[in-house]
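Undergrad: coords39.cif (mmCIF, C-alpha atoms and all ligand atoms) pasted underneath:
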data_coords
loop_
_atom_site.label_atom_id
_atom_site.label_comp_id
_atom_site.auth_asym_id
_atom_site.auth_seq_id
_atom_site.Cartn_x
_atom_site.Cartn_y
_atom_site.Cartn_z
CA MET G 733 0.00 0.00 0.00
CA ALA G 734 1.21 3.48 -0.82
CA LYS G 735 1.55 5.90 2.08
CA THR G 736 -0.94 8.74 2.40
CA VAL G 737 0.65 12.14 1.83
CA ILE G 738 -0.98 15.47 2.64
CA ALA G 739 1.25 18.15 1.14
CA GLY G 740 0.72 21.89 1.14
CA ASN G 741 2.11 24.13 -1.58
CA TRP G 742 2.37 27.74 -0.47
CA LYS G 743 3.53 28.87 -3.95
CA MET G 744 4.68 32.53 -3.90
CA HIS G 745 2.93 33.27 -0.61
CA GLY G 746 4.32 33.69 2.86
CA LEU G 747 6.43 36.14 4.83
CA LYS G 748 8.14 35.67 8.18
CA ALA G 749 4.94 36.95 9.78
CA ASP G 750 3.12 33.88 8.42
CA LEU G 751 5.39 31.37 10.13
CA ASP G 752 2.93 30.97 12.99
CA VAL G 753 0.95 28.76 10.59
CA ILE G 754 3.82 26.26 10.72
CA GLY G 755 3.66 26.01 14.51
CA ALA G 756 -0.11 25.60 14.41
CA VAL G 757 0.06 22.85 11.78
CA ALA G 758 2.90 21.08 13.61
CA ALA G 759 0.84 21.10 16.82
CA GLY G 760 -2.27 19.94 14.96
CA VAL G 761 -0.61 16.84 13.49
CA SER G 762 0.96 15.59 16.73
CA ASP G 763 -1.22 12.46 16.51
CA CYS G 764 -0.20 11.77 12.90
CA PRO G 765 0.07 7.99 12.37
CA GLU G 766 3.02 6.34 10.59
CA SER G 767 0.83 5.73 7.55
CA ILE G 768 0.44 9.47 6.85
CA GLU G 769 3.05 12.01 5.89
CA VAL G 770 2.22 15.72 6.28
CA LEU G 771 4.33 18.44 4.75
CA LEU G 772 4.30 22.05 3.70
CA CYS G 773 6.27 23.14 0.64
CA LEU G 774 7.34 26.68 1.42
CA PRO G 775 8.87 29.48 -0.62
CA ALA G 776 12.66 29.07 -0.50
CA THR G 777 13.05 32.10 1.79
CA LEU G 778 11.07 30.35 4.54
CA VAL G 779 12.40 26.79 4.26
CA ALA G 780 15.13 27.09 6.91
CA ALA G 781 12.94 28.91 9.44
CA GLY G 782 10.01 26.58 8.71
CA ALA G 783 12.17 23.48 9.15
CA GLU G 784 13.42 24.79 12.46
CA LEU G 785 9.88 25.43 13.68
CA ALA G 786 8.73 21.98 12.52
CA SER G 787 11.74 20.20 13.94
CA GLY G 788 10.80 17.45 16.38
CA SER G 789 7.19 17.43 15.11
CA LYS G 790 5.50 15.18 12.56
CA LEU G 791 5.34 18.04 10.05
CA GLU G 792 7.95 18.00 7.30
CA ILE G 793 9.05 20.89 5.10
CA GLY G 794 9.59 20.91 1.36
CA GLY G 795 10.77 23.25 -1.38
CA GLN G 796 8.83 24.07 -4.54
CA SER G 797 11.46 23.60 -7.24
CA CYS G 798 15.15 22.89 -7.62
CA HIS G 799 17.75 23.15 -10.37
CA GLN G 800 18.87 19.91 -11.97
CA ALA G 801 22.54 20.74 -11.44
CA GLY G 802 24.23 20.27 -8.09
CA LYS G 803 25.86 23.70 -8.17
CA GLY G 804 27.17 26.24 -10.64
CA ALA G 805 26.56 29.49 -12.48
CA HIS G 806 22.75 29.55 -12.34
CA THR G 807 21.80 32.94 -10.92
CA GLY G 808 18.57 32.87 -8.97
CA ASP G 809 18.29 29.09 -8.87
CA ILE G 810 18.43 26.77 -5.90
CA SER G 811 19.93 23.29 -5.80
CA ALA G 812 18.36 20.27 -4.16
CA GLU G 813 21.35 20.09 -1.84
CA MET G 814 20.68 23.67 -0.69
CA LEU G 815 17.08 22.76 0.15
CA ALA G 816 18.23 19.66 2.04
CA ASP G 817 20.83 21.78 3.84
CA ALA G 818 18.06 24.19 4.90
CA GLY G 819 16.09 21.30 6.39
CA ALA G 820 13.74 20.31 3.56
CA THR G 821 12.85 16.66 3.05
CA HIS G 822 10.80 17.02 -0.15
CA VAL G 823 10.68 19.19 -3.26
CA ILE G 824 7.98 19.74 -5.88
CA VAL G 825 9.19 19.39 -9.48
CA GLY G 826 7.40 19.86 -12.78
CA HIS G 827 4.52 21.88 -11.34
CA SER G 828 2.35 23.23 -14.16
CA GLU G 829 3.13 26.79 -13.01
CA ARG G 830 6.87 26.06 -13.50
CA ARG G 831 6.09 24.48 -16.87
CA ALA G 832 4.03 27.56 -17.89
CA ASP G 833 6.06 30.37 -16.28
CA HIS G 834 9.55 28.98 -16.94
CA GLY G 835 9.02 26.65 -19.90
CA GLU G 836 10.11 23.61 -17.89
CA SER G 837 9.80 20.31 -19.74
CA ASP G 838 9.34 16.66 -18.80
CA ILE G 839 13.08 16.17 -19.35
CA GLN G 840 13.88 18.96 -16.88
CA ALA G 841 11.35 17.66 -14.36
CA ALA G 842 12.97 14.21 -14.52
CA ALA G 843 16.45 15.71 -14.14
CA GLN G 844 15.31 17.83 -11.20
CA ALA G 845 13.67 14.79 -9.59
CA GLY G 846 16.95 12.91 -10.08
CA ALA G 847 18.89 15.77 -8.47
CA ALA G 848 16.44 15.79 -5.56
CA ILE G 849 16.91 12.06 -5.02
CA ALA G 850 20.69 12.44 -5.18
CA ALA G 851 20.45 15.10 -2.44
CA GLY G 852 18.32 12.83 -0.26
CA LEU G 853 15.01 14.61 -0.94
CA THR G 854 11.76 12.99 -2.04
CA PRO G 855 10.55 14.63 -5.27
CA ILE G 856 6.85 15.34 -5.76
CA ILE G 857 6.54 15.09 -9.54
CA CYS G 858 3.55 16.98 -10.96
CA VAL G 859 1.60 16.15 -14.11
CA GLY G 860 -1.75 17.29 -15.46
CA GLU G 861 -3.62 18.21 -18.61
CA THR G 862 -4.93 21.63 -19.70
CA LEU G 863 -8.64 22.24 -20.25
CA GLU G 864 -8.10 22.19 -24.01
CA GLU G 865 -6.42 18.80 -23.76
CA ARG G 866 -9.23 17.44 -21.58
CA ASP G 867 -11.95 18.82 -23.86
CA SER G 868 -10.30 17.21 -26.87
CA GLY G 869 -10.17 13.82 -25.16
CA GLN G 870 -6.40 13.79 -24.68
CA ALA G 871 -6.19 13.89 -20.87
CA LEU G 872 -5.04 10.30 -20.38
CA ASP G 873 -2.51 10.44 -23.24
CA VAL G 874 -1.04 13.73 -22.03
CA VAL G 875 -0.77 12.64 -18.41
CA THR G 876 0.72 9.21 -19.10
CA LYS G 877 3.24 10.79 -21.46
CA GLN G 878 4.20 13.32 -18.76
CA VAL G 879 4.56 10.52 -16.22
CA ALA G 880 6.79 8.55 -18.60
CA GLY G 881 8.95 11.62 -19.27
CA SER G 882 9.04 13.24 -15.82
CA VAL G 883 9.50 10.30 -13.45
CA PRO G 884 13.21 9.36 -13.39
CA ASP G 885 14.48 5.76 -13.60
CA ALA G 886 15.71 6.15 -10.01
CA ALA G 887 12.08 5.68 -8.90
CA ALA G 888 12.76 1.95 -9.34
CA THR G 889 14.71 1.99 -6.10
CA THR G 890 14.04 5.31 -4.34
CA PRO G 891 10.81 6.85 -2.99
CA VAL G 892 9.08 9.40 -5.19
CA ILE G 893 5.61 10.94 -5.11
CA VAL G 894 3.49 11.73 -8.19
CA ALA G 895 0.81 14.44 -8.13
CA TYR G 896 -1.99 14.63 -10.70
CA GLU G 897 -3.02 18.25 -10.99
CA PRO G 898 -5.34 19.10 -13.87
CA VAL G 899 -4.22 22.60 -14.87
CA TRP G 900 -7.84 23.76 -15.19
CA ALA G 901 -8.57 22.82 -11.57
CA ILE G 902 -5.63 24.69 -10.01
CA GLY G 903 -6.76 27.79 -8.14
CA THR G 904 -10.06 27.87 -10.03
CA GLY G 905 -12.43 26.28 -7.53
CA ARG G 906 -13.31 23.70 -10.22
CA THR G 907 -12.53 20.05 -9.60
CA PRO G 908 -12.87 16.96 -11.77
CA THR G 909 -15.55 14.45 -10.81
CA PRO G 910 -14.45 11.50 -8.67
CA GLU G 911 -14.84 9.34 -11.79
CA GLN G 912 -12.51 11.58 -13.80
CA ILE G 913 -9.93 11.52 -11.01
CA ALA G 914 -10.24 7.74 -10.67
CA GLU G 915 -9.71 7.25 -14.40
CA VAL G 916 -6.50 9.28 -14.49
CA HIS G 917 -5.10 7.86 -11.25
CA ALA G 918 -5.76 4.31 -12.45
CA ALA G 919 -3.90 5.05 -15.69
CA ILE G 920 -0.94 6.52 -13.78
CA ARG G 921 -0.89 3.53 -11.42
CA VAL G 922 -0.84 1.07 -14.33
CA ALA G 923 1.95 2.98 -16.08
CA LEU G 924 4.07 3.11 -12.91
CA ALA G 925 3.43 -0.55 -12.03
CA GLU G 926 4.48 -1.61 -15.53
CA ARG G 927 7.64 0.47 -15.50
CA PHE G 928 8.61 -0.20 -11.88
CA PRO G 929 7.38 -3.71 -11.03
CA ALA G 930 8.87 -3.63 -7.51
CA THR G 931 7.95 -0.08 -6.43
CA GLY G 932 5.21 1.15 -8.79
CA SER G 933 2.35 0.15 -6.50
CA LEU G 934 3.99 1.93 -3.54
CA ILE G 935 4.36 5.36 -5.15
CA PRO G 936 1.87 7.75 -3.50
CA LEU G 937 -0.42 9.33 -6.12
CA LEU G 938 -1.71 12.72 -4.94
CA TYR G 939 -4.58 14.70 -6.38
CA GLY G 940 -4.13 18.49 -6.60
CA GLY G 941 -6.34 21.32 -7.79
CA SER G 942 -8.85 23.24 -5.63
CA MET G 943 -8.77 20.63 -2.88
CA LYS G 944 -10.32 22.07 0.27
CA PRO G 945 -11.98 20.98 3.51
CA GLY G 946 -15.36 20.68 1.77
CA ASN G 947 -14.26 18.23 -0.94
CA ALA G 948 -11.24 16.50 0.62
CA ALA G 949 -13.07 13.46 2.05
CA GLU G 950 -14.76 12.72 -1.28
CA ILE G 951 -11.54 13.07 -3.28
CA LEU G 952 -9.40 11.12 -0.81
CA ALA G 953 -11.89 8.24 -0.98
CA VAL G 954 -11.29 7.77 -4.72
CA ASP G 955 -9.38 4.59 -5.64
CA ASP G 956 -5.66 5.16 -6.08
CA VAL G 957 -5.79 8.64 -4.55
CA ASN G 958 -3.17 8.49 -1.79
CA GLY G 959 -3.35 12.09 -0.65
CA GLY G 960 -3.42 15.66 -1.87
CA LEU G 961 -1.24 18.53 -3.02
CA ILE G 962 -3.01 21.56 -1.66
CA GLY G 963 -2.35 25.15 -2.71
CA GLY G 964 -4.73 27.86 -1.47
CA ALA G 965 -6.18 25.78 1.37
CA SER G 966 -2.71 25.12 2.80
CA LEU G 967 -2.18 28.78 3.68
CA LYS G 968 -4.52 28.64 6.67
CA ALA G 969 -3.71 26.13 9.41
CA GLU G 970 -7.40 25.49 10.07
CA ASP G 971 -8.17 24.53 6.46
CA PHE G 972 -5.03 22.45 6.01
CA LEU G 973 -5.63 20.62 9.29
CA ALA G 974 -9.23 19.89 8.24
CA ILE G 975 -7.90 18.20 5.09
CA TYR G 976 -5.37 16.28 7.19
CA ALA G 977 -8.23 15.20 9.50
CA ALA G 978 -10.20 13.90 6.49
CA ALA G 979 -7.18 11.77 5.51
CA ALA G 980 -6.62 10.57 9.09
CA ASN G 981 -10.30 9.54 9.31
CA GLN G 982 -9.98 7.41 6.21
CA THR G 983 -6.80 5.63 7.23
CA SER G 984 -7.85 4.93 10.83
P1 LIG X 1001 -4.81 24.92 -5.45
O1 LIG X 1001 -3.33 24.59 -5.98
O2 LIG X 1001 -5.11 23.97 -4.33
O3 LIG X 1001 -4.74 26.35 -4.99
O4 LIG X 1001 -5.74 24.73 -6.61
C1 LIG X 1001 -2.84 23.28 -6.03
C2 LIG X 1001 -1.45 23.25 -6.62
O5 LIG X 1001 -1.21 23.93 -7.63
O6 LIG X 1001 -0.55 22.58 -6.10
#
Let me see the file written as structure tokens.
Ligand code: PGA

TA:
Amino acid sequence: MAKTVIAGNWKMHGLKADLDVIGAVAAGVSDCPESIEVLLCLPATLVAAGAELASGSKLEIGGQSCHQAGKGAHTGDISAEMLADAGATHVIVGHSERRADHGESDIQAAAQAGAAIAAGLTPIICVGETLEERDSGQALDVVTKQVAGSVPDAAATTPVIVAYEPVWAIGTGRTPTPEQIAEVHAAIRVALAERFPATGSLIPLLYGGSMKPGNAAEILAVDDVNGGLIGGASLKAEDFLAIYAAAANQTS
């Protein structure tokens, strides 16, 4: 069985004044069972302070992107090793906002995931179709192609997480139906199990896109949904903890 992962993605939100959310979330997950992992992926400026605040608790801290190189002349970029050094345990790669804003490709996402693994981080590899692709019946093709291109071979032996985030559901308040989510997650699971016979069934598959307290229980109950990647609703401790509680209810 894949672990359940409840991961927040603060995106480009959060100042030092918002760090009290970390303490509140850390306190709220003190009863977190072994079968659930809870983490917040913070802007790079807050990773070190967030990791310090979460230290000793069940809350883990992640970054939101990393460069594929270990170090070098890459002004403005951050390496996986730097995130690990700051106390991160996870990093998001291939998010659709990185793909759209910075032209990142499947090849880059796979290289970044590989760099994350080499630095001892667990990559959260994001995939998802646009509305145009869904409306033209290409969702499954697009997503399975992204999974094939963005998940590195190292996933055969090292933990990775995959997040299905339909681009049209991110930050829009719109979500796919449970049937639509189930169809995509099943296709991802089959692709991963075929490619990684030993580990494919253990890779947590997260759903992301307008997940909130009101829809979390329904989404988390879908077959092959092993957790969520939560943007807007991870900014408030109360909302994020309500989603965590929905996951804890289902695994208890
Ligand atoms: P959202 O973002 O929950 O605000 O839709 C999810 C994500 O992009 O990770």

Undergrad: Residues within 7 Å of ligand LIG 1001 (chain X), counting only C-alpha atoms and all ligand atoms: report them as a ChimeraX atom specification.

TA: /G:741,897,901-905,940-943,961-965

Undergrad: I'd like to know which of G:Ser767, G:Ser787, G:Gln840, G:Ser828 is closest to G:Gln800, using all atoms listed in the file.

TA: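 Ranking G:Ser767, G:Ser787, G:Gln840, G:Ser828 by distance to G:Gln800, first place goes to G:Gln840.
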
Undergrad: Closest to G:Trp742 among G:Ser811, G:Ser762, G:Thr821, G:Gln796, using only C-alpha atoms?

TA: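 Of G:Ser811, G:Ser762, G:Thr821, G:Gln796, the one nearest G:Trp742, counting only C-alpha atoms, is G:Gln796.
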
Undergrad: What is the distance, in Å and to one decimal place, between atom CA of G:Glu915 and atom CA of G:Thr736?

TA: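 Calculated distance between atom CA of G:Glu915 and atom CA of G:Thr736 is 19.0 Å.
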
Undergrad: Would you list the contacts of stretch 923-934 of chain G as a list in words, taking every protein, DNA or RNA residue within 6 Å and counting all atoms listed in the file, but skipping same-chain residues closer than 5 positions in sequence?

TA: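 Once the nearby chain positions are removed, what remains is Met733, Ala734 and Ala888 of chain G.
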
Undergrad: For those residues, write C-alpha atoms to a file as an mmCIF file, in the frame of the given file.

TA:
data_model
loop_
_atom_site.group_PDB
_atom_site.id
_atom_site.type_symbol
_atom_site.label_atom_id
_atom_site.label_comp_id
_atom_site.auth_asym_id
_atom_site.auth_seq_id
_atom_site.Cartn_x
_atom_site.Cartn_y
_atom_site.Cartn_z
ATOM 1 C CA MET G 733 0.000 0.000 0.000
ATOM 2 C CA ALA G 734 1.210 3.480 -0.820
ATOM 3 C CA ALA G 888 12.760 1.950 -9.340
#

Undergrad: Between atom CA of G:Lys735 and atom CA of G:Gly959, what is the distance in Å, rounded to a tenth?

TA: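 Distance reported for this atom pair: 8.4 Å.
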
Undergrad: Counting all atoms listed in the file, which residues sit no farther than 12 Å from the position (13.5, 16.4, -21.0) in the file's frame? I'd like them as JSON, numbers by chain.

TA: {"G": [800, 826, 831, 835, 836, 837, 838, 839, 840, 841, 842, 843, 844, 845, 846, 877, 878, 879, 880, 881, 882, 883, 884]}

Undergrad: What lies within 8 Å of G:Ala816 using only C-alpha atoms, ignoring chain neighbours under 4 positions off, as a VMD selection string?

TA: chain G and resid 812 820 to 821 851 to 853

Undergrad: Quick one: residues within 8 Å of G:Leu938, all atoms listed in the file counted, chain neighbours fewer than 6 positions away excluded, as a list in words?

TA: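 After dropping sequence-adjacent residues, the list is Val737, Ile893, Val894, Ala895, Tyr896, Val957, Asn958, Gly959, Gly960 and Leu961 of chain G.
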
Undergrad: Would you list the contacts of G:Ile824 as a ChimeraX atom specification, taking every protein, DNA or RNA residue within 9 Å and counting all atoms listed in the file, but skipping same-chain residues closer than 6 positions in sequence?

TA: /G:741,773,794-798,845,854-858

Undergrad: In Å, rounded to a single decimal, give me how far atom CA of G:Tyr976 is from atom CA of G:Val770.

TA: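 These atoms are spaced 7.7 Å apart.
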
Undergrad: Fewer than 6 positions away in the same chain doesn't count, so skip those; otherwise give me all residues within 10 Å of G:Val761, counting only C-alpha atoms, as a PyMOL selection string.

TA: chain G and resi 768-770+789-791+973+976-977+980

Undergrad: With distances taken over only C-alpha atoms, which residue among G:Ala758, G:Ile951, G:Cys764, G:Val874 lies nearest G:Ala783?

TA: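 Closest residue, counting only C-alpha atoms: G:Ala758.
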
Undergrad: When you count all atoms listed in the file, which of these residues is closest to G:Leu778: G:Ile920, G:Ala887, G:Ala818, G:Ala805?

TA: G:Ala818
